[in-house]
Every structure is written in C-alpha cells, then in structure tokens.
file work.txt (compact mmCIF, C-alpha atoms)
# COMPACT_ATOMS: atom_id res chain seq x y z
CA MET K 1 140.12 85.94 78.25
CA HIS K 2 140.59 82.26 78.83
CA GLY K 3 141.19 79.54 76.27
CA VAL K 4 140.67 75.79 76.42
CA ARG K 5 143.78 73.67 76.12
CA ALA K 6 143.82 71.24 73.22
CA ASP K 7 146.35 68.98 71.58
CA ASP K 8 147.94 70.49 68.51
CA GLN K 9 146.64 68.93 65.35
CA GLN K 10 148.75 68.80 62.19
CA ARG K 11 147.62 68.11 58.66
CA ASP K 12 149.91 65.68 56.89
CA GLY K 13 148.90 66.71 53.36
CA ARG K 14 149.07 63.18 51.97
CA ASP K 15 146.88 62.34 48.99
CA THR K 16 146.00 58.73 49.87
CA GLY K 17 142.35 58.17 50.62
CA ASP K 18 141.25 61.50 49.09
CA THR K 19 137.46 61.59 49.04
CA GLY K 20 137.32 64.57 46.65
CA ASP K 21 136.13 67.08 49.23
CA GLY K 22 139.46 67.80 50.86
CA ARG K 23 139.25 64.90 53.35
CA VAL K 24 141.84 62.18 53.76
CA ASP K 25 140.76 58.97 55.52
CA GLY K 26 138.15 60.92 57.46
CA ALA K 27 140.50 63.80 58.32
CA ARG K 28 140.69 67.01 56.33
CA ARG K 29 143.86 67.64 54.33
CA ARG K 30 144.86 71.13 53.24
CA ALA K 31 142.92 72.04 50.10
CA THR K 32 144.82 73.10 46.97
CA ILE K 33 144.06 75.55 44.20
CA HIS K 34 143.23 72.54 42.01
CA ASP K 35 140.49 71.49 44.47
CA VAL K 36 138.92 74.94 44.42
CA ALA K 37 139.08 75.15 40.63
CA HIS K 38 137.45 71.72 40.31
CA LEU K 39 134.65 72.52 42.75
CA ALA K 40 133.95 75.94 41.22
CA GLY K 41 134.27 74.71 37.62
CA VAL K 42 136.90 77.29 36.66
CA SER K 43 140.59 77.41 35.82
CA ARG K 44 143.40 77.77 38.34
CA GLN K 45 144.11 81.24 36.96
CA THR K 46 140.54 82.30 37.71
CA VAL K 47 140.86 81.00 41.28
CA SER K 48 144.07 82.97 41.72
CA ARG K 49 142.47 86.18 40.45
CA ALA K 50 139.43 85.70 42.69
CA VAL K 51 141.17 84.95 45.99
CA ASN K 52 143.80 87.65 45.47
CA ASP K 53 141.27 90.22 44.19
CA LYS K 54 143.35 90.76 41.05
CA GLY K 55 142.40 91.24 37.42
CA GLU K 56 139.07 91.33 35.65
CA ILE K 57 136.63 88.67 36.77
CA ASP K 58 132.88 88.34 36.59
CA PRO K 59 131.36 89.09 40.07
CA ALA K 60 129.20 85.96 39.98
CA THR K 61 132.19 83.83 39.08
CA LYS K 62 134.28 85.45 41.81
CA GLU K 63 131.59 84.74 44.40
CA ARG K 64 131.34 81.10 43.23
CA VAL K 65 135.12 80.71 43.59
CA LEU K 66 135.18 82.33 47.04
CA ASP K 67 132.30 80.15 48.17
CA ALA K 68 134.20 77.06 47.01
CA ALA K 69 137.32 78.30 48.83
CA ARG K 70 135.34 78.76 52.03
CA ARG K 71 133.75 75.32 51.76
CA LEU K 72 137.14 73.69 51.30
CA ASP K 73 138.86 75.92 53.90
CA TYR K 74 141.34 76.83 51.14
CA ARG K 75 144.35 78.92 52.15
CA PRO K 76 146.62 80.24 49.37
CA SER K 77 150.18 79.07 49.88
CA ARG K 78 152.52 81.53 51.53
CA PHE K 79 154.64 81.39 48.37
CA ALA K 80 151.69 82.38 46.18
CA ARG K 81 150.68 85.19 48.50
CA GLY K 82 154.26 86.42 48.47
CA LEU K 83 154.19 86.66 44.67
CA VAL K 84 151.02 88.73 44.75
CA ARG K 85 152.31 91.07 47.46
CA LYS K 86 155.89 91.16 46.19
CA GLY K 87 157.30 89.29 49.15
CA GLY K 88 155.83 91.53 51.88
CA VAL K 89 154.69 90.12 55.21
CA THR K 90 151.21 91.13 56.34
CA THR K 91 149.92 90.62 59.88
CA GLY K 92 146.25 90.86 60.74
CA LEU K 93 145.40 92.59 64.04
CA VAL K 94 141.96 91.99 65.59
CA VAL K 95 140.89 94.27 68.45
CA PRO K 96 137.48 94.39 70.18
CA ASP K 97 136.83 98.14 70.34
CA LEU K 98 138.83 100.89 68.64
CA MET K 99 136.67 103.51 70.40
CA ASN K 100 138.21 102.41 73.70
CA PRO K 101 141.58 104.25 73.95
CA TYR K 102 143.19 101.15 75.46
CA PHE K 103 143.20 99.20 72.21
CA PRO K 104 144.74 101.87 69.94
CA GLU K 105 147.70 101.90 72.34
CA VAL K 106 148.06 98.13 71.96
CA ALA K 107 147.74 98.56 68.20
CA ALA K 108 150.47 101.20 68.28
CA GLY K 109 152.86 98.68 69.82
CA VAL K 110 152.03 96.14 67.11
CA LEU K 111 152.41 98.72 64.34
CA GLU K 112 155.75 100.02 65.65
CA ALA K 113 157.26 96.56 65.99
CA ALA K 114 155.89 95.44 62.61
CA GLU K 115 157.21 98.57 60.89
CA GLN K 116 160.70 97.90 62.26
CA ARG K 117 160.56 94.54 60.50
CA GLY K 118 159.16 96.01 57.28
CA TRP K 119 155.82 94.30 57.80
CA GLN K 120 152.35 95.57 57.01
CA VAL K 121 149.43 95.42 59.47
CA VAL K 122 145.72 95.10 58.64
CA VAL K 123 143.48 96.14 61.56
CA TRP K 124 140.02 94.65 62.17
CA ASP K 125 137.60 95.94 64.83
CA SER K 126 135.49 92.99 66.02
CA ARG K 127 133.22 95.22 68.14
CA THR K 128 133.32 92.60 70.93
CA ASP K 129 131.21 90.32 68.71
CA PRO K 130 132.36 86.65 68.58
CA GLY K 131 130.75 86.31 65.16
CA ARG K 132 132.85 89.18 63.82
CA GLU K 133 135.94 87.63 65.40
CA ARG K 134 135.35 84.45 63.38
CA GLU K 135 134.63 86.50 60.28
CA ALA K 136 137.94 88.29 60.81
CA LEU K 137 139.79 84.97 60.94
CA ASP K 138 138.02 83.75 57.80
CA MET K 139 139.09 86.88 55.91
CA LEU K 140 142.57 87.37 57.34
CA SER K 141 143.56 83.73 56.93
CA HIS K 142 143.37 84.37 53.17
CA GLN K 143 144.99 87.82 53.24
CA ALA K 144 147.63 87.73 55.98
CA ASP K 145 150.70 85.69 56.88
CA ALA K 146 149.81 85.71 60.59
CA VAL K 147 147.07 86.99 62.90
CA VAL K 148 147.35 88.74 66.28
CA GLY K 149 144.38 89.67 68.42
CA TYR K 150 141.68 89.28 71.04
CA PHE K 151 139.42 86.25 70.63
CA THR K 152 136.81 84.80 72.96
CA ASP K 153 136.39 81.37 71.34
CA ALA K 154 138.17 78.22 72.45
CA ASP K 155 141.17 76.91 70.52
CA GLU K 156 139.20 74.30 68.59
CA VAL K 157 136.81 76.92 67.21
CA LEU K 158 139.61 79.30 66.28
CA ALA K 159 141.48 76.52 64.48
CA ARG K 160 138.48 75.78 62.26
CA HIS K 161 138.46 79.37 61.00
CA LEU K 162 142.22 79.87 60.90
CA GLY K 163 143.68 77.14 58.70
CA GLY K 164 147.45 76.98 58.92
CA VAL K 165 148.15 80.68 59.49
CA PRO K 166 150.12 81.43 62.72
CA LEU K 167 147.99 82.96 65.49
CA VAL K 168 149.03 84.94 68.58
CA LEU K 169 146.38 85.60 71.21
CA LEU K 170 146.52 88.78 73.28
CA GLU K 171 145.81 88.68 77.02
CA ARG K 172 145.79 84.89 77.25
CA GLY K 173 148.50 83.14 79.18
CA PRO K 174 150.78 80.82 77.17
CA ARG K 175 149.47 77.83 79.16
CA GLN K 176 145.86 78.74 78.38
CA THR K 177 146.15 78.10 74.65
CA ARG K 178 148.01 75.98 72.12
CA PHE K 179 148.59 79.05 69.97
CA GLY K 180 151.18 81.74 70.56
CA ALA K 181 150.13 84.12 73.34
CA VAL K 182 151.00 87.19 75.37
CA GLY K 183 149.33 87.38 78.76
CA ILE K 184 148.73 90.01 81.43
CA ASP K 185 149.51 88.97 85.00
CA VAL K 186 146.21 90.26 86.36
CA ALA K 187 146.67 88.47 89.70
CA ALA K 188 149.99 90.19 90.43
CA GLY K 189 148.58 93.57 89.45
CA MET K 190 145.40 93.22 91.47
CA GLU K 191 147.35 92.10 94.54
CA ARG K 192 149.44 95.27 94.35
CA GLY K 193 146.36 97.43 93.96
CA VAL K 194 144.37 95.89 96.82
CA ALA K 195 147.44 95.89 99.09
CA HIS K 196 147.84 99.62 98.42
CA LEU K 197 144.21 100.29 99.36
CA VAL K 198 144.46 98.15 102.52
CA ALA K 199 147.65 99.94 103.55
CA ALA K 200 145.75 103.22 103.24
CA GLY K 201 143.26 101.92 105.79
CA HIS K 202 140.41 100.70 103.58
CA ARG K 203 138.36 97.74 104.80
CA ALA K 204 135.29 98.06 102.59
CA ILE K 205 136.42 97.63 98.97
CA GLY K 206 134.13 97.13 95.99
CA LEU K 207 134.67 96.16 92.35
CA LEU K 208 133.06 97.58 89.22
CA ASP K 209 133.46 94.53 87.00
CA GLY K 210 133.30 94.44 83.21
CA ASP K 211 133.14 90.72 82.45
CA ALA K 212 129.61 89.42 81.87
CA GLY K 213 128.84 85.75 82.35
CA ALA K 214 131.37 83.63 84.22
CA PRO K 215 133.76 85.55 86.50
CA GLY K 216 136.69 86.86 84.48
CA PRO K 217 140.36 87.12 85.48
CA ARG K 218 140.02 90.57 87.08
CA ARG K 219 137.11 89.59 89.29
CA VAL K 220 138.75 86.32 90.32
CA ALA K 221 141.99 88.14 91.17
CA PHE K 222 140.10 90.84 93.08
CA GLU K 223 138.19 88.34 95.20
CA ARG K 224 141.35 86.40 96.02
CA ALA K 225 143.28 89.54 96.94
CA VAL K 226 140.50 90.88 99.17
CA ARG K 227 140.06 87.55 100.94
CA ARG K 228 143.81 87.29 101.44
CA HIS K 229 143.59 90.47 103.52
CA GLY K 230 140.67 89.10 105.52
CA LEU K 231 138.13 91.55 104.12
CA PRO K 232 134.48 90.86 103.23
CA VAL K 233 133.62 90.08 99.62
CA ASP K 234 130.43 88.70 98.11
CA GLU K 235 128.05 89.54 95.27
CA SER K 236 126.91 92.71 97.01
CA TRP K 237 130.39 94.23 96.73
CA ILE K 238 130.63 93.62 92.98
CA VAL K 239 128.63 95.46 90.31
CA LEU K 240 128.71 94.55 86.62
CA CYS K 241 129.27 97.37 84.13
CA PRO K 242 128.36 95.94 80.70
CA GLU K 243 129.48 99.16 79.01
CA HIS K 244 133.23 99.60 79.43
CA SER K 245 132.85 103.38 79.37
CA VAL K 246 132.71 106.45 81.59
CA SER K 247 128.91 106.39 81.56
CA GLY K 248 128.93 102.65 82.31
CA GLY K 249 131.22 103.22 85.28
CA GLY K 250 129.05 106.04 86.55
CA ALA K 251 125.93 103.90 86.45
CA GLY K 252 127.75 101.02 88.15
CA MET K 253 129.10 103.26 90.90
CA ALA K 254 125.63 104.62 91.61
CA ARG K 255 124.34 101.06 92.06
CA LEU K 256 127.27 100.13 94.31
CA LEU K 257 126.76 103.19 96.55
CA ALA K 258 123.07 102.38 96.87
CA ARG K 259 123.80 98.73 97.68
CA ARG K 260 126.87 99.28 99.88
CA PRO K 261 126.88 102.89 101.19
CA GLU K 262 129.70 101.97 103.59
CA VAL K 263 132.15 101.33 100.70
CA THR K 264 135.34 103.39 101.04
CA ALA K 265 137.34 102.18 98.03
CA VAL K 266 136.50 100.93 94.55
CA VAL K 267 138.52 99.14 91.87
CA GLY K 268 137.38 99.73 88.29
CA PHE K 269 137.59 97.02 85.64
CA ASN K 270 139.33 99.60 83.46
CA ASP K 271 140.26 103.28 83.60
CA LEU K 272 137.15 104.47 81.76
CA ILE K 273 134.89 102.77 84.30
CA ALA K 274 137.03 104.18 87.12
CA VAL K 275 136.69 107.73 85.76
CA GLY K 276 132.93 107.24 85.67
CA ALA K 277 133.07 106.02 89.27
CA VAL K 278 134.87 109.20 90.34
CA ARG K 279 132.21 111.36 88.69
CA ALA K 280 129.34 109.40 90.22
CA ALA K 281 130.89 109.47 93.70
CA ARG K 282 131.35 113.22 93.56
CA GLY K 283 127.85 113.62 92.17
CA ALA K 284 126.57 111.74 95.22
CA GLY K 285 128.38 114.10 97.55
CA ARG K 286 131.35 111.79 98.23
CA ARG K 287 134.83 113.30 98.22
CA VAL K 288 137.48 111.44 96.26
CA PRO K 289 139.71 110.14 97.79
CA ASP K 290 138.73 111.32 101.30
CA ASP K 291 135.38 109.47 101.38
CA VAL K 292 135.89 107.00 98.52
CA ALA K 293 139.17 106.04 96.88
CA VAL K 294 139.04 104.95 93.23
CA LEU K 295 141.62 102.76 91.47
CA GLY K 296 141.62 102.04 87.72
CA PHE K 297 143.12 99.16 85.76
CA ASP K 298 144.70 100.07 82.40
CA GLY K 299 147.03 103.03 82.73
CA LEU K 300 145.47 105.22 80.05
CA SER K 301 147.05 108.63 79.51
CA LEU K 302 143.69 110.30 80.16
CA GLY K 303 144.04 109.28 83.81
CA GLU K 304 146.51 112.13 84.25
CA LEU K 305 144.05 114.66 82.80
CA VAL K 306 140.98 114.05 84.98
CA GLU K 307 140.44 115.65 88.40
CA PRO K 308 141.48 114.14 90.72
CA ALA K 309 144.18 112.36 88.70
CA LEU K 310 143.44 108.65 88.54
CA SER K 311 145.48 106.06 90.41
CA THR K 312 145.72 102.96 88.27
CA LEU K 313 147.31 99.61 87.58
CA HIS K 314 149.29 100.50 84.49
CA ILE K 315 149.65 97.96 81.68
CA ASP K 316 152.50 98.60 79.24
CA LYS K 317 150.26 98.27 76.21
CA ARG K 318 152.94 99.01 73.66
CA ARG K 319 155.14 96.29 75.13
CA LEU K 320 152.15 93.95 74.86
CA GLY K 321 151.97 94.73 71.14
CA ARG K 322 155.72 94.39 70.64
CA LEU K 323 155.77 91.00 72.35
CA ALA K 324 152.95 89.84 70.09
CA VAL K 325 155.00 90.71 66.99
CA GLU K 326 158.00 88.89 68.48
CA GLN K 327 155.79 85.83 68.92
CA VAL K 328 154.71 86.07 65.28
CA ALA K 329 158.35 86.27 64.15
CA ARG K 330 159.22 83.17 66.16
CA LEU K 331 156.28 81.18 64.81
CA ARG K 332 157.09 82.14 61.22
CA ALA K 333 160.69 81.05 61.76
CA GLY K 334 159.55 77.68 63.10
CA GLU K 335 160.82 78.47 66.60
CA GLU K 336 159.14 77.89 69.95
CA PRO K 337 157.11 80.93 71.07
CA LEU K 338 158.08 82.91 74.14
CA SER K 339 156.84 81.37 77.39
CA GLY K 340 157.16 81.89 81.12
CA ALA K 341 157.87 85.40 82.40
CA ASP K 342 158.94 86.52 78.90
CA ALA K 343 155.38 86.12 77.61
CA TRP K 344 153.66 88.11 80.38
CA VAL K 345 153.15 91.81 81.06
CA VAL K 346 152.84 92.68 84.78
CA PRO K 347 150.70 95.74 85.68
CA GLU K 348 152.50 98.41 87.71
CA LEU K 349 150.79 100.43 90.44
CA VAL K 350 150.73 104.16 89.63
CA VAL K 351 149.61 106.22 92.62
CA ARG K 352 147.95 109.55 91.93
CA ALA K 353 145.32 111.62 93.73
CA SER K 354 142.22 109.37 93.44
CA ALA K 355 143.57 106.60 95.71
call {"tool": "encode", "arguments": {"input": "work.txt", "output": "structure tokens"}}
result
Amino acid sequence: MHGVRADDQQRDGRDTGDTGDGRVDGARRRATIHDVAHLAGVSRQTVSRAVNDKGEIDPATKERVLDAARRLDYRPSRFARGLVRKGGVTTGLVVPDLMNPYFPEVAAGVLEAAEQRGWQVVVWDSRTDPGREREALDMLSHQADAVVGYFTDADEVLARHLGGVPLVLLERGPRQTRFGAVGIDVAAGMERGVAHLVAAGHRAIGLLDGDAGAPGPRRVAFERAVRRHGLPVDESWIVLCPEHSVSGGGAGMARLLARRPEVTAVVGFNDLIAVGAVRAARGAGRRVPDDVAVLGFDGLSLGELVEPALSTLHIDKRRLGRLAVEQVARLRAGEEPLSGADAWVVPELVVRASA
C-alpha cells in the first residue's frame, strides 16, 4: 500500500480570528467541548456524557451532540479521555480481513506488545472497504489514544478523519507517508524468491497477483526481479486474483495455465492464493513441483500442513505488530518514529516441497 507524501500540518490552537465554526483565519483550529456544546445547544456535561457514552442521556440529544462533534471534528482531550478510562491507554487496530489468517497473526503481535505495556487494543475489521477505513478513523479518533492499521487513502484524506491522534500505518515504508509506519521490504523478498526459482532451472515464471488497479508493490517487485534475470514478463504472465483466497488462487491458476501452458513456476500474491494454485495445477494433471513449482508470499502456518508443503516468503507478522506498537510509544512520547532498516520487515525464503 502506497501513500502520498505531504508536508506535516500543525494546528496552532490560537483563538484570534475565530469564525465560530472552529476555523481560525481560514484554517481550522482544534474544536473544544465548549464549541460542541454551543453548536448542539447543550451543556458541557451533556457533551461529555455523549462522546464518552456515559450516564443517562436522551438518544436524540446524544445524536445531536455526536453530529455536532463530527461537524467540528471534535476530539476529546487526552486528559479527559484518561479520566473516563482511569488513565488507561487504548490503541485502535484496523485490519482489512480477519477471515484471512495473515491478519490475526499481525494482530497477535500488536496485542502482545500492547499487553506488555498495559495497553488495551480495540480491533476493527474494515473488510477491505475504504469507506469503512474512514469510518474506523472517525470512531477510533474519539475512543483511542492512537491508531495502527492498514489504510488505502492518501495522507491528506487520513488526516481529515484522524484529528490529532497518532497514526501508524502498516506495510507502508516510512518515506511513503508523513505518519508513523512499518514497511515490508517486498523487493528484497521477491528477489530472493525469484532467484531461488531461477537457480532451480525455471525460465517461465508467472505471477498470481492480488492488487487490482495500478500495479502494487508485489507485482512491481516481481517484474523487476524477473527482468533482472533476463526472463520474459508481460501481461500474459500475470493473472489477477481479486479474491485473496484458496478458491481465488485456483481460478487464477487455471487461467494462467490456459494462457501460458509452458509456465513452470508460479509466485502467489499470498499463501492462500498459492495453495489454490497448487490444487489447480494438480487438478490439471501437473505435478508439483516436478512440472510446476509454486511459491507463496506470507509464511502462514498452514503452509506446513498442505501437501506438498508450501515454499514461501515468510513475513514475521508478529514482529510487524510489535514494531507498530513501538512506533506508537515513540509518537506518544514526542520522539521521532523508527526509520531506515529499523522500520522494515524483510521476508525470508522458506524452502519446502512445492518449490
């Protein structure tokens, strides 16, 4: 996932030039509880009860207060939130698909590292829907002290939904965003994988891609690695698998075999797609790895359970989660986030029977 670089923008919080709608000299200042109370026509105590979901409050009044808070982009102060939650730190975690076993492993790393610090974690499944990602930010920016997760929008869009809460993006390089980030060195991993296949004698290598739209990092890295070895690569060697699943990989492999029957090795966008590719190849009468080698990209534990066992580019998903929590801790302390090699996870080649 790629972000768009943007200059960091800070709100100065000064009151001069206040237009009454939270703007200062044309630029928005951070709204206060007084602003929300004024706009909603209620007391500050009612605002506090509504945004913190505490105490008895009329549902219509609560909705009016929350609507005013949304319009003003109101974020309760960290001090006020601490009083409500008795000083606890809560981190929001946004993942795209909890049904995919990859993301629970990332979540486990976040949960373990947060628990060691005595923090709480609220998990949100965005279902790979950009609208739900923004909704998650809108909600968590009022409920959490920081947010960690996968987001497809550019920095400017995220900032509009985030307010002043620290954000750490997963699988974006630190130089690809102005927020905190933990990246995966896809290029280094893909080079290792393709080099392994080439060393095994493969000259016709295909990709079952999972990124719709513009070419994503895995496709770009695959094409570069294949070209570096002087092998053919064009659209006919790459098949899109919109469903990042075993069935999606099976359907994609069937299309690739029909389009390029001479293919002798395939790289899957993830391990689930690669497992589907193994099944489809065997269903078509191809032996794996004798006729077609299959390499995954994830390192899921299920790769050891399938037959033949799946070779893969293993991502240390728990380390990814732990690094994200470390980034949060640094941002909360006012320190510079990790950068350079410290903010990247490099996939490791794990050779098993499938390739």
call {"tool": "atom_distance", "arguments": {"input": "work.txt", "atom1": "CA of Asp298 in chain K", "atom2": "CA of Pro347 in chain K"}}
result
8.1 Å
call {"tool": "atom_distance", "arguments": {"input": "work.txt", "atom1": "CA of Ala181 in chain K", "atom2": "CA of Leu331 in chain K"}}
result
10.9 Å
call {"tool": "closest_residue", "arguments": {"input": "work.txt", "among": "K:Leu162, K:Val147, K:Val168, K:Ala353", "to": "Leu323 in chain K", "atoms": "all atoms listed in the file"}}
result
K:Val168
call {"tool": "residues_near_point", "arguments": {"input": "work.txt", "point": "(158.3, 87.4, 81.7)", "cutoff": "12 Å", "atoms": "all atoms listed in the file", "output": "JSON, numbers by chain"}}
result
{"K": [173, 174, 182, 183, 184, 185, 319, 320, 323, 338, 339, 340, 341, 342, 343, 344, 345, 346, 347]}
call {"tool": "residues_around", "arguments": {"input": "work.txt", "residues": "range 210-226 of chain K", "least_positions_apart": "2", "cutoff": "8 Å", "atoms": "all atoms listed in the file", "output": "PyMOL selection string"}}
result
chain K and resi 1+186-187+190-191+194-195+205+207-208+228-233+240-244+269-270
call {"tool": "residues_around", "arguments": {"input": "work.txt", "residues": "Leu167 in chain K", "least_positions_apart": "5", "cutoff": "10 Å", "atoms": "all atoms listed in the file", "output": "list in words"}}
result
Thr91, Gly92, Leu137, Ser141, Asp145, Ala146, Val147, Val148, Gly149, Leu158, Ala159, Leu162, Arg178, Phe179, Gly180, Ala181, Ala324, Gln327, Val328 and Leu331 of chain K
call {"tool": "write_last_selection", "arguments": {"input": "work.txt", "atoms": "C-alpha atoms", "output": "tab-separated table (two decimals), in the frame of the given file"}}
result
chain	number	residue	atom	x	y	z
K	91	THR	CA	149.92	90.62	59.88
K	92	GLY	CA	146.25	90.86	60.74
K	137	LEU	CA	139.79	84.97	60.94
K	141	SER	CA	143.56	83.73	56.93
K	145	ASP	CA	150.70	85.69	56.88
K	146	ALA	CA	149.81	85.71	60.59
K	147	VAL	CA	147.07	86.99	62.90
K	148	VAL	CA	147.35	88.74	66.28
K	149	GLY	CA	144.38	89.67	68.42
K	158	LEU	CA	139.61	79.30	66.28
K	159	ALA	CA	141.48	76.52	64.48
K	162	LEU	CA	142.22	79.87	60.90
K	178	ARG	CA	148.01	75.98	72.12
K	179	PHE	CA	148.59	79.05	69.97
K	180	GLY	CA	151.18	81.74	70.56
K	181	ALA	CA	150.13	84.12	73.34
K	324	ALA	CA	152.95	89.84	70.09
K	327	GLN	CA	155.79	85.83	68.92
K	328	VAL	CA	154.71	86.07	65.28
K	331	LEU	CA	156.28	81.18	64.81
call {"tool": "atom_distance", "arguments": {"input": "work.txt", "atom1": "CA of Ala114 in chain K", "atom2": "CA of Arg322 in chain K"}}
result
8.1 Å
call {"tool": "residues_around", "arguments": {"input": "work.txt", "residues": "Asn100 in chain K", "least_positions_apart": "5", "cutoff": "10 Å", "atoms": "all atoms listed in the file", "output": "NGL selection string"}}
result
:K and (105 or 244-245 or 272)
call {"tool": "residues_around", "arguments": {"input": "work.txt", "residues": "Ala108 in chain K", "least_positions_apart": "5", "cutoff": "9 Å", "atoms": "all atoms listed in the file", "output": "PyMOL selection string"}}
result
chain K and resi 103+113+317-318+321-322
call {"tool": "write_last_selection", "arguments": {"input": "work.txt", "atoms": "C-alpha atoms", "output": "PDB file, in the frame of the given file"}}
result
ATOM      1  CA  PHE K 103     143.200  99.200  72.210  1.00  0.00           C
ATOM      2  CA  ALA K 113     157.260  96.560  65.990  1.00  0.00           C
ATOM      3  CA  LYS K 317     150.260  98.270  76.210  1.00  0.00           C
ATOM      4  CA  ARG K 318     152.940  99.010  73.660  1.00  0.00           C
ATOM      5  CA  GLY K 321     151.970  94.730  71.140  1.00  0.00           C
ATOM      6  CA  ARG K 322     155.720  94.390  70.640  1.00  0.00           C
TER       7      ARG K 322
END
call {"tool": "residues_around", "arguments": {"input": "work.txt", "residues": "Ala68 in chain K", "least_positions_apart": "3", "cutoff": "8 Å", "atoms": "all atoms listed in the file", "output": "list in words"}}
result
Val36, Leu39, Ala40, Arg64, Val65, Arg71 and Leu72 of chain K
call {"tool": "closest_residue", "arguments": {"input": "work.txt", "among": "K:Glu235, K:Asp209, K:Asp138, K:Glu112", "to": "Trp124 in chain K", "atoms": "only C-alpha atoms"}}
result
K:Asp138
call {"tool": "closest_residue", "arguments": {"input": "work.txt", "among": "K:Gly201, K:Gly296, K:Pro261, K:Gly252", "to": "Leu310 in chain K", "atoms": "all atoms listed in the file"}}
result
K:Gly296
call {"tool": "closest_residue", "arguments": {"input": "work.txt", "among": "K:Ala333, K:Leu197, K:Ala254, K:Val122", "to": "Leu295 in chain K", "atoms": "all atoms listed in the file"}}
result
K:Leu197
call {"tool": "decode", "arguments": {"input": "work.txt", "residues": "range 303-322 of chain K", "atoms": "N, CA and C atoms", "output": "PDB file, in the first residue's frame"}}
result
ATOM      1  N   GLY K 303       0.877 -23.365   5.623  1.00  0.00           N
ATOM      2  CA  GLY K 303       1.737 -23.814   4.539  1.00  0.00           C
ATOM      3  C   GLY K 303       2.461 -25.103   4.855  1.00  0.00           C
ATOM      4  N   GLU K 304       2.671 -25.377   6.159  1.00  0.00           N
ATOM      5  CA  GLU K 304       3.310 -26.618   6.564  1.00  0.00           C
ATOM      6  C   GLU K 304       2.345 -27.793   6.549  1.00  0.00           C
ATOM      7  N   LEU K 305       1.048 -27.524   6.494  1.00  0.00           N
ATOM      8  CA  LEU K 305       0.041 -28.577   6.640  1.00  0.00           C
ATOM      9  C   LEU K 305      -0.467 -29.103   5.308  1.00  0.00           C
ATOM     10  N   VAL K 306      -0.317 -28.321   4.234  1.00  0.00           N
ATOM     11  CA  VAL K 306      -0.822 -28.747   2.932  1.00  0.00           C
ATOM     12  C   VAL K 306       0.164 -29.723   2.302  1.00  0.00           C
ATOM     13  N   GLU K 307      -0.279 -30.413   1.256  1.00  0.00           N
ATOM     14  CA  GLU K 307       0.565 -31.382   0.547  1.00  0.00           C
ATOM     15  C   GLU K 307       0.606 -31.029  -0.947  1.00  0.00           C
ATOM     16  N   PRO K 308       1.790 -30.776  -1.502  1.00  0.00           N
ATOM     17  CA  PRO K 308       3.094 -30.694  -0.820  1.00  0.00           C
ATOM     18  C   PRO K 308       3.204 -29.428   0.034  1.00  0.00           C
ATOM     19  N   ALA K 309       4.061 -29.478   1.055  1.00  0.00           N
ATOM     20  CA  ALA K 309       4.252 -28.317   1.926  1.00  0.00           C
ATOM     21  C   ALA K 309       4.700 -27.119   1.093  1.00  0.00           C
ATOM     22  N   LEU K 310       4.173 -25.955   1.440  1.00  0.00           N
ATOM     23  CA  LEU K 310       4.333 -24.762   0.607  1.00  0.00           C
ATOM     24  C   LEU K 310       5.638 -24.021   0.892  1.00  0.00           C
ATOM     25  N   SER K 311       6.434 -23.827  -0.149  1.00  0.00           N
ATOM     26  CA  SER K 311       7.562 -22.896  -0.061  1.00  0.00           C
ATOM     27  C   SER K 311       6.999 -21.477  -0.069  1.00  0.00           C
ATOM     28  N   THR K 312       7.640 -20.587   0.672  1.00  0.00           N
ATOM     29  CA  THR K 312       7.042 -19.261   0.822  1.00  0.00           C
ATOM     30  C   THR K 312       8.083 -18.226   1.194  1.00  0.00           C
ATOM     31  N   LEU K 313       7.728 -16.979   0.997  1.00  0.00           N
ATOM     32  CA  LEU K 313       8.498 -15.852   1.502  1.00  0.00           C
ATOM     33  C   LEU K 313       7.854 -15.435   2.820  1.00  0.00           C
ATOM     34  N   HIS K 314       8.498 -15.793   3.901  1.00  0.00           N
ATOM     35  CA  HIS K 314       7.908 -15.655   5.231  1.00  0.00           C
ATOM     36  C   HIS K 314       8.075 -14.246   5.779  1.00  0.00           C
ATOM     37  N   ILE K 315       6.953 -13.638   6.158  1.00  0.00           N
ATOM     38  CA  ILE K 315       6.947 -12.334   6.819  1.00  0.00           C
ATOM     39  C   ILE K 315       6.746 -12.561   8.311  1.00  0.00           C
ATOM     40  N   ASP K 316       7.622 -11.996   9.125  1.00  0.00           N
ATOM     41  CA  ASP K 316       7.469 -12.110  10.580  1.00  0.00           C
ATOM     42  C   ASP K 316       6.353 -11.151  11.005  1.00  0.00           C
ATOM     43  N   LYS K 317       5.154 -11.675  10.998  1.00  0.00           N
ATOM     44  CA  LYS K 317       3.964 -10.841  11.208  1.00  0.00           C
ATOM     45  C   LYS K 317       3.881 -10.337  12.642  1.00  0.00           C
ATOM     46  N   ARG K 318       4.310 -11.140  13.578  1.00  0.00           N
ATOM     47  CA  ARG K 318       4.270 -10.679  14.968  1.00  0.00           C
ATOM     48  C   ARG K 318       5.286  -9.554  15.197  1.00  0.00           C
ATOM     49  N   ARG K 319       6.427  -9.654  14.541  1.00  0.00           N
ATOM     50  CA  ARG K 319       7.395  -8.549  14.646  1.00  0.00           C
ATOM     51  C   ARG K 319       6.814  -7.292  14.026  1.00  0.00           C
ATOM     52  N   LEU K 320       6.085  -7.440  12.926  1.00  0.00           N
ATOM     53  CA  LEU K 320       5.426  -6.296  12.298  1.00  0.00           C
ATOM     54  C   LEU K 320       4.515  -5.598  13.308  1.00  0.00           C
ATOM     55  N   GLY K 321       3.726  -6.391  14.038  1.00  0.00           N
ATOM     56  CA  GLY K 321       2.830  -5.825  15.043  1.00  0.00           C
ATOM     57  C   GLY K 321       3.579  -5.190  16.199  1.00  0.00           C
ATOM     58  N   ARG K 322       4.660  -5.847  16.630  1.00  0.00           N
ATOM     59  CA  ARG K 322       5.432  -5.290  17.753  1.00  0.00           C
ATOM     60  C   ARG K 322       6.086  -3.966  17.370  1.00  0.00           C
TER      61      ARG K 322
END
